[in-house]
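**Q** Dropping in input29.txt, with compact mmCIF, N, CA and C atoms.
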```
# COMPACT_ATOMS: atom_id res chain seq x y z
N MET B 1 154.55 167.73 88.00
CA MET B 1 153.48 167.15 88.80
C MET B 1 153.12 168.15 89.92
N PRO B 2 151.84 168.45 90.07
CA PRO B 2 151.43 169.41 91.09
C PRO B 2 151.71 168.89 92.51
N TRP B 3 151.85 169.81 93.44
CA TRP B 3 152.20 169.47 94.83
C TRP B 3 151.14 168.60 95.50
N TYR B 4 149.85 168.78 95.17
CA TYR B 4 148.81 168.00 95.84
C TYR B 4 148.85 166.52 95.44
N TRP B 5 149.38 166.22 94.24
CA TRP B 5 149.55 164.81 93.87
C TRP B 5 150.65 164.17 94.72
N LEU B 6 151.71 164.90 94.94
CA LEU B 6 152.78 164.37 95.80
C LEU B 6 152.29 164.15 97.23
N LEU B 7 151.46 165.06 97.73
CA LEU B 7 150.88 164.91 99.07
C LEU B 7 149.96 163.69 99.13
N LEU B 8 149.15 163.49 98.11
CA LEU B 8 148.24 162.35 98.05
C LEU B 8 149.02 161.04 97.99
N ILE B 9 150.04 160.96 97.16
CA ILE B 9 150.85 159.75 97.05
C ILE B 9 151.60 159.47 98.36
N GLY B 10 152.11 160.49 98.99
CA GLY B 10 152.81 160.34 100.26
C GLY B 10 151.88 159.85 101.36
N THR B 11 150.67 160.42 101.43
CA THR B 11 149.68 160.00 102.43
C THR B 11 149.27 158.55 102.20
N ALA B 12 149.04 158.16 100.95
CA ALA B 12 148.67 156.78 100.63
C ALA B 12 149.80 155.82 101.01
N GLY B 13 151.05 156.22 100.79
CA GLY B 13 152.20 155.38 101.16
C GLY B 13 152.29 155.17 102.66
N VAL B 14 152.07 156.24 103.42
CA VAL B 14 152.09 156.12 104.88
C VAL B 14 150.97 155.20 105.35
N PHE B 15 149.76 155.36 104.80
CA PHE B 15 148.63 154.52 105.17
C PHE B 15 148.90 153.05 104.86
N ILE B 16 149.43 152.77 103.70
CA ILE B 16 149.73 151.38 103.32
C ILE B 16 150.81 150.81 104.24
N GLY B 17 151.81 151.61 104.57
CA GLY B 17 152.86 151.17 105.48
C GLY B 17 152.31 150.83 106.86
N LEU B 18 151.41 151.67 107.39
CA LEU B 18 150.79 151.39 108.69
C LEU B 18 149.94 150.12 108.64
N LEU B 19 149.20 149.94 107.57
CA LEU B 19 148.36 148.75 107.42
C LEU B 19 149.22 147.48 107.39
N ILE B 20 150.31 147.51 106.66
CA ILE B 20 151.21 146.35 106.61
C ILE B 20 151.82 146.10 107.99
N GLY B 21 152.20 147.13 108.70
CA GLY B 21 152.75 146.98 110.05
C GLY B 21 151.76 146.36 111.01
N ILE B 22 150.51 146.78 110.94
CA ILE B 22 149.47 146.20 111.80
C ILE B 22 149.25 144.73 111.49
N LEU B 23 149.19 144.38 110.22
CA LEU B 23 148.98 142.98 109.84
C LEU B 23 150.15 142.10 110.27
N ILE B 24 151.37 142.57 110.13
CA ILE B 24 152.54 141.80 110.56
C ILE B 24 152.52 141.66 112.08
N GLY B 25 152.14 142.70 112.80
CA GLY B 25 152.06 142.64 114.26
C GLY B 25 151.03 141.64 114.73
N LYS B 26 149.90 141.52 114.06
CA LYS B 26 148.87 140.55 114.45
C LYS B 26 149.35 139.13 114.23
N LYS B 27 150.08 138.89 113.16
CA LYS B 27 150.60 137.55 112.91
C LYS B 27 151.57 137.13 114.00
N LYS B 28 152.37 138.04 114.48
CA LYS B 28 153.35 137.72 115.51
C LYS B 28 152.70 137.48 116.86
N LYS B 29 151.50 138.01 117.09
CA LYS B 29 150.83 137.86 118.38
C LYS B 29 150.19 136.50 118.56
N LYS B 30 150.02 135.71 117.52
CA LYS B 30 149.45 134.38 117.68
C LYS B 30 150.34 133.58 118.62
N THR B 31 149.70 132.89 119.58
CA THR B 31 150.47 132.21 120.62
C THR B 31 150.40 130.70 120.45
N THR B 32 151.36 130.06 121.03
CA THR B 32 151.37 128.61 121.05
C THR B 32 151.13 128.17 122.48
N PRO B 33 150.49 126.99 122.69
CA PRO B 33 150.25 126.53 124.04
C PRO B 33 151.57 126.43 124.81
N GLY B 34 151.54 126.88 126.06
CA GLY B 34 152.73 126.84 126.89
C GLY B 34 153.48 128.16 126.92
N SER B 35 153.20 129.06 125.99
CA SER B 35 153.88 130.35 126.02
C SER B 35 153.19 131.24 127.06
N THR B 36 153.89 132.26 127.51
CA THR B 36 153.32 133.13 128.53
C THR B 36 152.18 133.97 128.00
N ASP B 37 152.03 134.09 126.69
CA ASP B 37 150.94 134.86 126.12
C ASP B 37 149.67 134.04 125.97
N SER B 38 149.72 132.72 126.25
CA SER B 38 148.55 131.88 126.08
C SER B 38 147.73 131.80 127.37
N VAL B 39 147.73 132.86 128.16
CA VAL B 39 146.93 132.93 129.38
C VAL B 39 146.12 134.21 129.38
N TYR B 40 145.05 134.22 130.14
CA TYR B 40 144.29 135.45 130.35
C TYR B 40 143.90 135.51 131.82
N VAL B 41 143.55 136.69 132.27
CA VAL B 41 143.23 136.90 133.68
C VAL B 41 141.74 137.14 133.82
N LYS B 42 141.10 136.39 134.73
CA LYS B 42 139.67 136.54 135.00
C LYS B 42 139.50 136.62 136.51
N ASN B 43 138.98 137.72 137.01
CA ASN B 43 138.79 137.95 138.45
C ASN B 43 140.10 137.77 139.22
N GLY B 44 141.21 138.22 138.65
CA GLY B 44 142.49 138.16 139.33
C GLY B 44 143.17 136.82 139.27
N VAL B 45 142.61 135.84 138.56
CA VAL B 45 143.20 134.50 138.44
C VAL B 45 143.63 134.28 137.01
N ARG B 46 144.84 133.76 136.83
CA ARG B 46 145.36 133.48 135.48
C ARG B 46 144.85 132.12 135.00
N TYR B 47 144.34 132.08 133.78
CA TYR B 47 143.86 130.85 133.17
C TYR B 47 144.51 130.66 131.80
N SER B 48 144.67 129.42 131.42
CA SER B 48 145.20 129.10 130.10
C SER B 48 144.10 129.24 129.07
N THR B 49 144.47 129.55 127.84
CA THR B 49 143.49 129.59 126.75
C THR B 49 143.35 128.22 126.10
N ASP B 50 144.15 127.26 126.52
CA ASP B 50 144.09 125.90 126.01
C ASP B 50 142.93 125.17 126.67
N SER B 51 142.04 124.53 125.91
CA SER B 51 140.84 123.93 126.49
C SER B 51 141.04 122.52 127.02
N LYS B 52 142.22 121.93 126.89
CA LYS B 52 142.47 120.60 127.43
C LYS B 52 142.45 120.66 128.96
N ILE B 53 141.95 119.58 129.62
CA ILE B 53 141.90 119.59 131.08
C ILE B 53 143.18 119.04 131.69
N ALA B 54 144.01 118.39 130.90
CA ALA B 54 145.31 117.89 131.39
C ALA B 54 146.30 117.90 130.24
N THR B 55 147.56 118.19 130.56
CA THR B 55 148.62 118.19 129.58
C THR B 55 149.76 117.34 130.12
N ASN B 56 150.09 116.26 129.43
CA ASN B 56 151.14 115.33 129.86
C ASN B 56 150.94 114.87 131.29
N GLY B 57 149.69 114.60 131.67
CA GLY B 57 149.38 114.12 133.00
C GLY B 57 149.30 115.19 134.06
N ALA B 58 149.62 116.43 133.73
CA ALA B 58 149.57 117.53 134.70
C ALA B 58 148.25 118.28 134.56
N VAL B 59 147.77 118.84 135.65
CA VAL B 59 146.54 119.60 135.67
C VAL B 59 146.70 120.84 134.80
N ASN B 60 145.72 121.11 133.94
CA ASN B 60 145.72 122.30 133.10
C ASN B 60 144.52 123.14 133.49
N VAL B 61 144.75 124.30 134.09
CA VAL B 61 143.67 125.16 134.57
C VAL B 61 143.20 126.05 133.44
N THR B 62 141.95 125.86 133.02
CA THR B 62 141.36 126.66 131.96
C THR B 62 139.93 127.00 132.34
N THR B 63 139.37 128.00 131.71
CA THR B 63 137.94 128.25 131.82
C THR B 63 137.37 128.40 130.43
N ASN B 64 136.16 127.94 130.28
CA ASN B 64 135.43 128.08 129.03
C ASN B 64 134.12 128.78 129.32
N GLU B 65 133.46 129.24 128.29
CA GLU B 65 132.15 129.84 128.46
C GLU B 65 131.20 128.79 129.04
N GLY B 66 130.48 129.15 130.06
CA GLY B 66 129.54 128.22 130.70
C GLY B 66 130.11 127.52 131.92
N ASP B 67 131.42 127.65 132.17
CA ASP B 67 132.02 127.05 133.36
C ASP B 67 131.48 127.75 134.61
N ARG B 68 131.38 127.00 135.69
CA ARG B 68 130.94 127.55 136.97
C ARG B 68 132.10 127.48 137.95
N PHE B 69 132.50 128.64 138.48
CA PHE B 69 133.61 128.72 139.42
C PHE B 69 133.04 128.73 140.83
N LEU B 70 133.48 127.79 141.70
CA LEU B 70 133.03 127.73 143.08
C LEU B 70 134.23 127.90 143.99
N GLU B 71 134.20 128.94 144.83
CA GLU B 71 135.30 129.21 145.75
C GLU B 71 135.26 128.24 146.93
N CYS B 72 136.43 127.96 147.46
CA CYS B 72 136.56 127.09 148.62
C CYS B 72 135.75 127.68 149.78
N GLY B 73 134.91 126.85 150.40
CA GLY B 73 134.10 127.28 151.53
C GLY B 73 132.75 127.85 151.16
N SER B 74 132.51 128.12 149.89
CA SER B 74 131.21 128.65 149.47
C SER B 74 130.21 127.51 149.30
N GLN B 75 128.92 127.83 149.35
CA GLN B 75 127.87 126.85 149.14
C GLN B 75 126.99 127.31 147.98
N SER B 76 126.62 126.35 147.13
CA SER B 76 125.71 126.65 146.03
C SER B 76 124.62 125.59 145.99
N ARG B 77 123.38 126.04 145.94
CA ARG B 77 122.25 125.12 145.83
C ARG B 77 122.01 124.84 144.35
N VAL B 78 121.84 123.58 144.03
CA VAL B 78 121.59 123.16 142.65
C VAL B 78 120.09 123.31 142.37
N ARG B 79 119.75 124.21 141.49
CA ARG B 79 118.37 124.46 141.10
C ARG B 79 118.33 124.92 139.65
N VAL B 80 117.23 124.66 138.98
CA VAL B 80 117.04 125.17 137.63
C VAL B 80 116.97 126.69 137.72
N GLY B 81 117.77 127.37 136.93
CA GLY B 81 117.81 128.83 136.92
C GLY B 81 118.84 129.42 137.87
N ASN B 82 119.42 128.62 138.77
CA ASN B 82 120.48 129.10 139.67
C ASN B 82 121.82 129.09 138.96
N TYR B 83 122.85 129.54 139.67
CA TYR B 83 124.21 129.55 139.13
C TYR B 83 124.65 128.14 138.74
N VAL B 84 124.35 127.16 139.62
CA VAL B 84 124.64 125.75 139.31
C VAL B 84 123.31 125.04 139.08
N GLU B 85 123.12 124.54 137.87
CA GLU B 85 121.89 123.85 137.52
C GLU B 85 122.09 122.35 137.56
N PRO B 86 121.01 121.57 137.70
CA PRO B 86 121.15 120.11 137.69
C PRO B 86 121.76 119.64 136.37
N GLY B 87 122.58 118.60 136.46
CA GLY B 87 123.18 118.05 135.24
C GLY B 87 124.49 117.34 135.52
N HIS B 88 125.15 116.96 134.45
CA HIS B 88 126.45 116.27 134.53
C HIS B 88 127.56 117.31 134.35
N TYR B 89 128.57 117.23 135.20
CA TYR B 89 129.68 118.17 135.17
C TYR B 89 131.00 117.42 135.26
N THR B 90 132.04 118.04 134.77
CA THR B 90 133.41 117.60 134.99
C THR B 90 134.00 118.56 136.01
N ILE B 91 134.59 118.01 137.08
CA ILE B 91 135.17 118.84 138.13
C ILE B 91 136.62 119.12 137.77
N LEU B 92 137.00 120.39 137.80
CA LEU B 92 138.36 120.78 137.48
C LEU B 92 138.96 121.55 138.65
N SER B 93 140.23 121.33 138.90
CA SER B 93 140.95 122.06 139.94
C SER B 93 141.29 123.45 139.43
N THR B 94 141.35 124.42 140.34
CA THR B 94 141.76 125.76 139.96
C THR B 94 143.24 125.99 140.21
N SER B 95 143.93 124.95 140.65
CA SER B 95 145.37 125.05 140.91
C SER B 95 146.08 123.95 140.15
N GLU B 96 147.12 124.32 139.42
CA GLU B 96 147.86 123.33 138.65
C GLU B 96 148.62 122.36 139.54
N ASN B 97 148.79 122.70 140.82
CA ASN B 97 149.55 121.84 141.74
C ASN B 97 148.66 120.89 142.53
N ILE B 98 147.35 121.03 142.44
CA ILE B 98 146.43 120.20 143.22
C ILE B 98 145.59 119.37 142.27
N ALA B 99 145.77 118.04 142.31
CA ALA B 99 145.04 117.15 141.42
C ALA B 99 143.85 116.49 142.10
N SER B 100 143.81 116.45 143.44
CA SER B 100 142.67 115.89 144.15
C SER B 100 142.28 116.83 145.29
N PHE B 101 140.99 116.84 145.61
CA PHE B 101 140.45 117.80 146.56
C PHE B 101 139.16 117.26 147.13
N ASN B 102 138.69 117.85 148.23
CA ASN B 102 137.47 117.42 148.90
C ASN B 102 136.32 118.36 148.56
N ILE B 103 135.14 117.74 148.32
CA ILE B 103 133.94 118.51 148.02
C ILE B 103 132.79 117.91 148.82
N ARG B 104 131.97 118.79 149.42
CA ARG B 104 130.77 118.35 150.11
C ARG B 104 129.60 118.47 149.16
N ILE B 105 128.92 117.35 148.90
CA ILE B 105 127.73 117.33 148.06
C ILE B 105 126.64 116.62 148.85
N GLY B 106 125.55 117.32 149.11
CA GLY B 106 124.45 116.72 149.85
C GLY B 106 124.82 116.33 151.27
N GLY B 107 125.75 117.05 151.89
CA GLY B 107 126.12 116.79 153.27
C GLY B 107 127.28 115.83 153.45
N LEU B 108 127.68 115.12 152.41
CA LEU B 108 128.78 114.15 152.51
C LEU B 108 130.03 114.71 151.85
N VAL B 109 131.15 114.61 152.55
CA VAL B 109 132.43 115.06 152.01
C VAL B 109 133.13 113.86 151.38
N ARG B 110 133.62 114.06 150.17
CA ARG B 110 134.30 112.99 149.44
C ARG B 110 135.46 113.58 148.66
N GLU B 111 136.48 112.76 148.42
CA GLU B 111 137.62 113.21 147.63
C GLU B 111 137.33 113.01 146.14
N TYR B 112 137.58 114.05 145.37
CA TYR B 112 137.41 114.01 143.92
C TYR B 112 138.74 114.37 143.28
N SER B 113 138.90 114.02 142.02
CA SER B 113 140.14 114.34 141.32
C SER B 113 139.85 115.19 140.09
N HIS B 114 140.84 115.91 139.64
CA HIS B 114 140.74 116.79 138.47
C HIS B 114 140.28 115.98 137.26
N GLY B 115 139.21 116.41 136.62
CA GLY B 115 138.70 115.74 135.43
C GLY B 115 137.65 114.69 135.71
N GLN B 116 137.30 114.48 136.97
CA GLN B 116 136.30 113.47 137.33
C GLN B 116 134.90 113.99 137.01
N ALA B 117 134.03 113.09 136.56
CA ALA B 117 132.66 113.47 136.21
C ALA B 117 131.74 113.25 137.41
N ILE B 118 130.77 114.17 137.57
CA ILE B 118 129.76 114.03 138.61
C ILE B 118 128.40 114.40 138.04
N SER B 119 127.35 113.98 138.74
CA SER B 119 125.98 114.37 138.40
C SER B 119 125.38 115.07 139.60
N LEU B 120 124.80 116.22 139.36
CA LEU B 120 124.16 116.99 140.42
C LEU B 120 122.66 117.03 140.15
N VAL B 121 121.88 116.79 141.20
CA VAL B 121 120.42 116.78 141.05
C VAL B 121 119.83 117.99 141.75
N ASP B 122 118.60 118.32 141.38
CA ASP B 122 117.90 119.45 141.95
C ASP B 122 117.82 119.32 143.47
N GLY B 123 118.26 120.36 144.17
CA GLY B 123 118.20 120.37 145.63
C GLY B 123 119.53 120.08 146.30
N ASP B 124 120.50 119.53 145.58
CA ASP B 124 121.83 119.29 146.16
C ASP B 124 122.46 120.62 146.57
N ILE B 125 123.28 120.55 147.60
CA ILE B 125 124.11 121.70 147.97
C ILE B 125 125.55 121.26 147.78
N ILE B 126 126.28 122.00 146.96
CA ILE B 126 127.68 121.67 146.68
C ILE B 126 128.57 122.73 147.32
N SER B 127 129.63 122.25 147.97
CA SER B 127 130.55 123.15 148.67
C SER B 127 131.97 122.61 148.58
N PRO B 128 132.86 123.28 147.87
CA PRO B 128 134.26 122.87 147.86
C PRO B 128 134.86 123.06 149.27
N VAL B 129 135.52 122.02 149.79
CA VAL B 129 136.03 122.06 151.16
C VAL B 129 137.51 122.42 151.19
N SER B 130 138.33 121.83 150.31
CA SER B 130 139.77 122.01 150.42
C SER B 130 140.40 122.84 149.31
N ASN B 131 139.64 123.12 148.25
CA ASN B 131 140.21 123.83 147.10
C ASN B 131 139.07 124.41 146.27
N SER B 132 139.26 125.57 145.67
CA SER B 132 138.27 126.11 144.74
C SER B 132 138.24 125.22 143.50
N ILE B 133 137.06 125.14 142.88
CA ILE B 133 136.89 124.25 141.73
C ILE B 133 136.17 124.96 140.59
N ILE B 134 136.23 124.33 139.42
CA ILE B 134 135.48 124.77 138.25
C ILE B 134 134.59 123.60 137.84
N LEU B 135 133.30 123.87 137.61
CA LEU B 135 132.38 122.86 137.08
C LEU B 135 132.21 123.13 135.59
N ARG B 136 132.53 122.14 134.77
CA ARG B 136 132.41 122.29 133.31
C ARG B 136 131.40 121.28 132.81
```
Mind turning the file's structure into structure tokens?
**A**
Amino acid sequence: MPWYWLLLIGTAGVFIGLLIGILIGKKKKKTTPGSTDSVYVKNGVRYSTDSKIATNGAVNVTTNEGDRFLECGSQSRVRVGNYVEPGHYTILSTSENIASFNIRIGGLVREYSHGQAISLVDGDIISPVSNSIILR
């Protein structure tokens, strides 16, 4: 058998071995909820990849596409085309240890809890007072 056939067979074997190694590595990377790999970092904050808003009664901090993050002390005017648009939202805590927090909407401060639904109308000004929040 000529030497170039041995080189070709050897190269194909190495390629197949690398491909199998990559596929096995990807299977092992799949995470289960609660593992340390089931989080990602967005703007320096760790979030779970699990989309549930609560797990066993505890706050579950997650973000999804379309969520609006409002920092404590910031103000956002509700307008069509703005960052926060009129509509119905679920308020989520950004801290797993805080289940209730204060938010100023339209000049009035009220206590809200993680997972509570609210409706925002055009012209409202929303401002988290005691904790940063996520509007989903």
**Q** Choose the residue, out of B:Val84, B:Ile20, B:Leu108, B:Leu135, that has the smallest atom-to-atom separation from Asn64 of chain B; count only C-alpha atoms.
**A** B:Leu135
**Q** Find the residue from B:Leu120, B:Leu8, B:Ile98, B:Gly73 that sits nearest to Glu85 of chain B; use all atoms listed in the file when measuring.
**A** B:Leu120
**Q** Report, in Å with one decimal, the straight-line distance from atom CA of Ile103 of chain B to atom N of Asn82 of chain B.
**A**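 Between atom CA of Ile103 of chain B and atom N of Asn82 of chain B the gap works out to 20.0 Å.
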**Q** Can you report as AutoDock Vina command-line options the centre and edge lengths in Å, to one decimal, of an axis-aligned box around the listed atoms of segment 111-115 of chain B padded with 3 Å on each side?
**A**
```
--center_x 138.7 --center_y 114.8 --center_z 141.9 --size_x 10.4 --size_y 10.0 --size_z 19.0
```
**Q** Check the smallest atom-to-atom distance from each of B:Ile125, B:Ala99, B:Ile16, B:Ala117 to Ser76 of chain B using only N, CA and C atoms, then report the winner.
**A**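 Selected residue with least distance to Ser76 of chain B: B:Ile125.
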**Q** Kindly give the distance, in Å, that separates atom N of Phe101 of chain B and atom N of Val80 of chain B, rounded to a single decimal.
**A**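 According to the coordinates, atom N of Phe101 of chain B and atom N of Val80 of chain B are separated by 25.9 Å.
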**Q** Pick out the residues sitting within 8 Å of Glu71 of chain B, and hand them over as a list in words; count all atoms listed in the file, and ignore anything fewer than 3 positions along from it in its own chain.
**A**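 Residues meeting the cut-off are Arg68, Ser74, Gln75, Ser127, Pro128, Val129, Ser130, Asn131, Ser132, Ile133 and Ile134 of chain B.
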**Q** To one decimal place, how far is atom N of Gly106 of chain B from atom N of Asp124 of chain B in Å?
**A**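 Between atom N of Gly106 of chain B and atom N of Asp124 of chain B the gap is 6.5 Å.
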**Q** Near His88 of chain B, counting all atoms listed in the file, which residues have an atom at most 6.5 Å away, once you skip same-chain residues fewer than 6 positions from it, shown as a VMD selection string?
**A** chain B and resid 118 to 120 136
**Q** Which one is closest to Val78 of chain B: B:Asp122, B:Gly107, B:Gly115, B:Glu96? Count only C-alpha atoms.
**A** B:Asp122
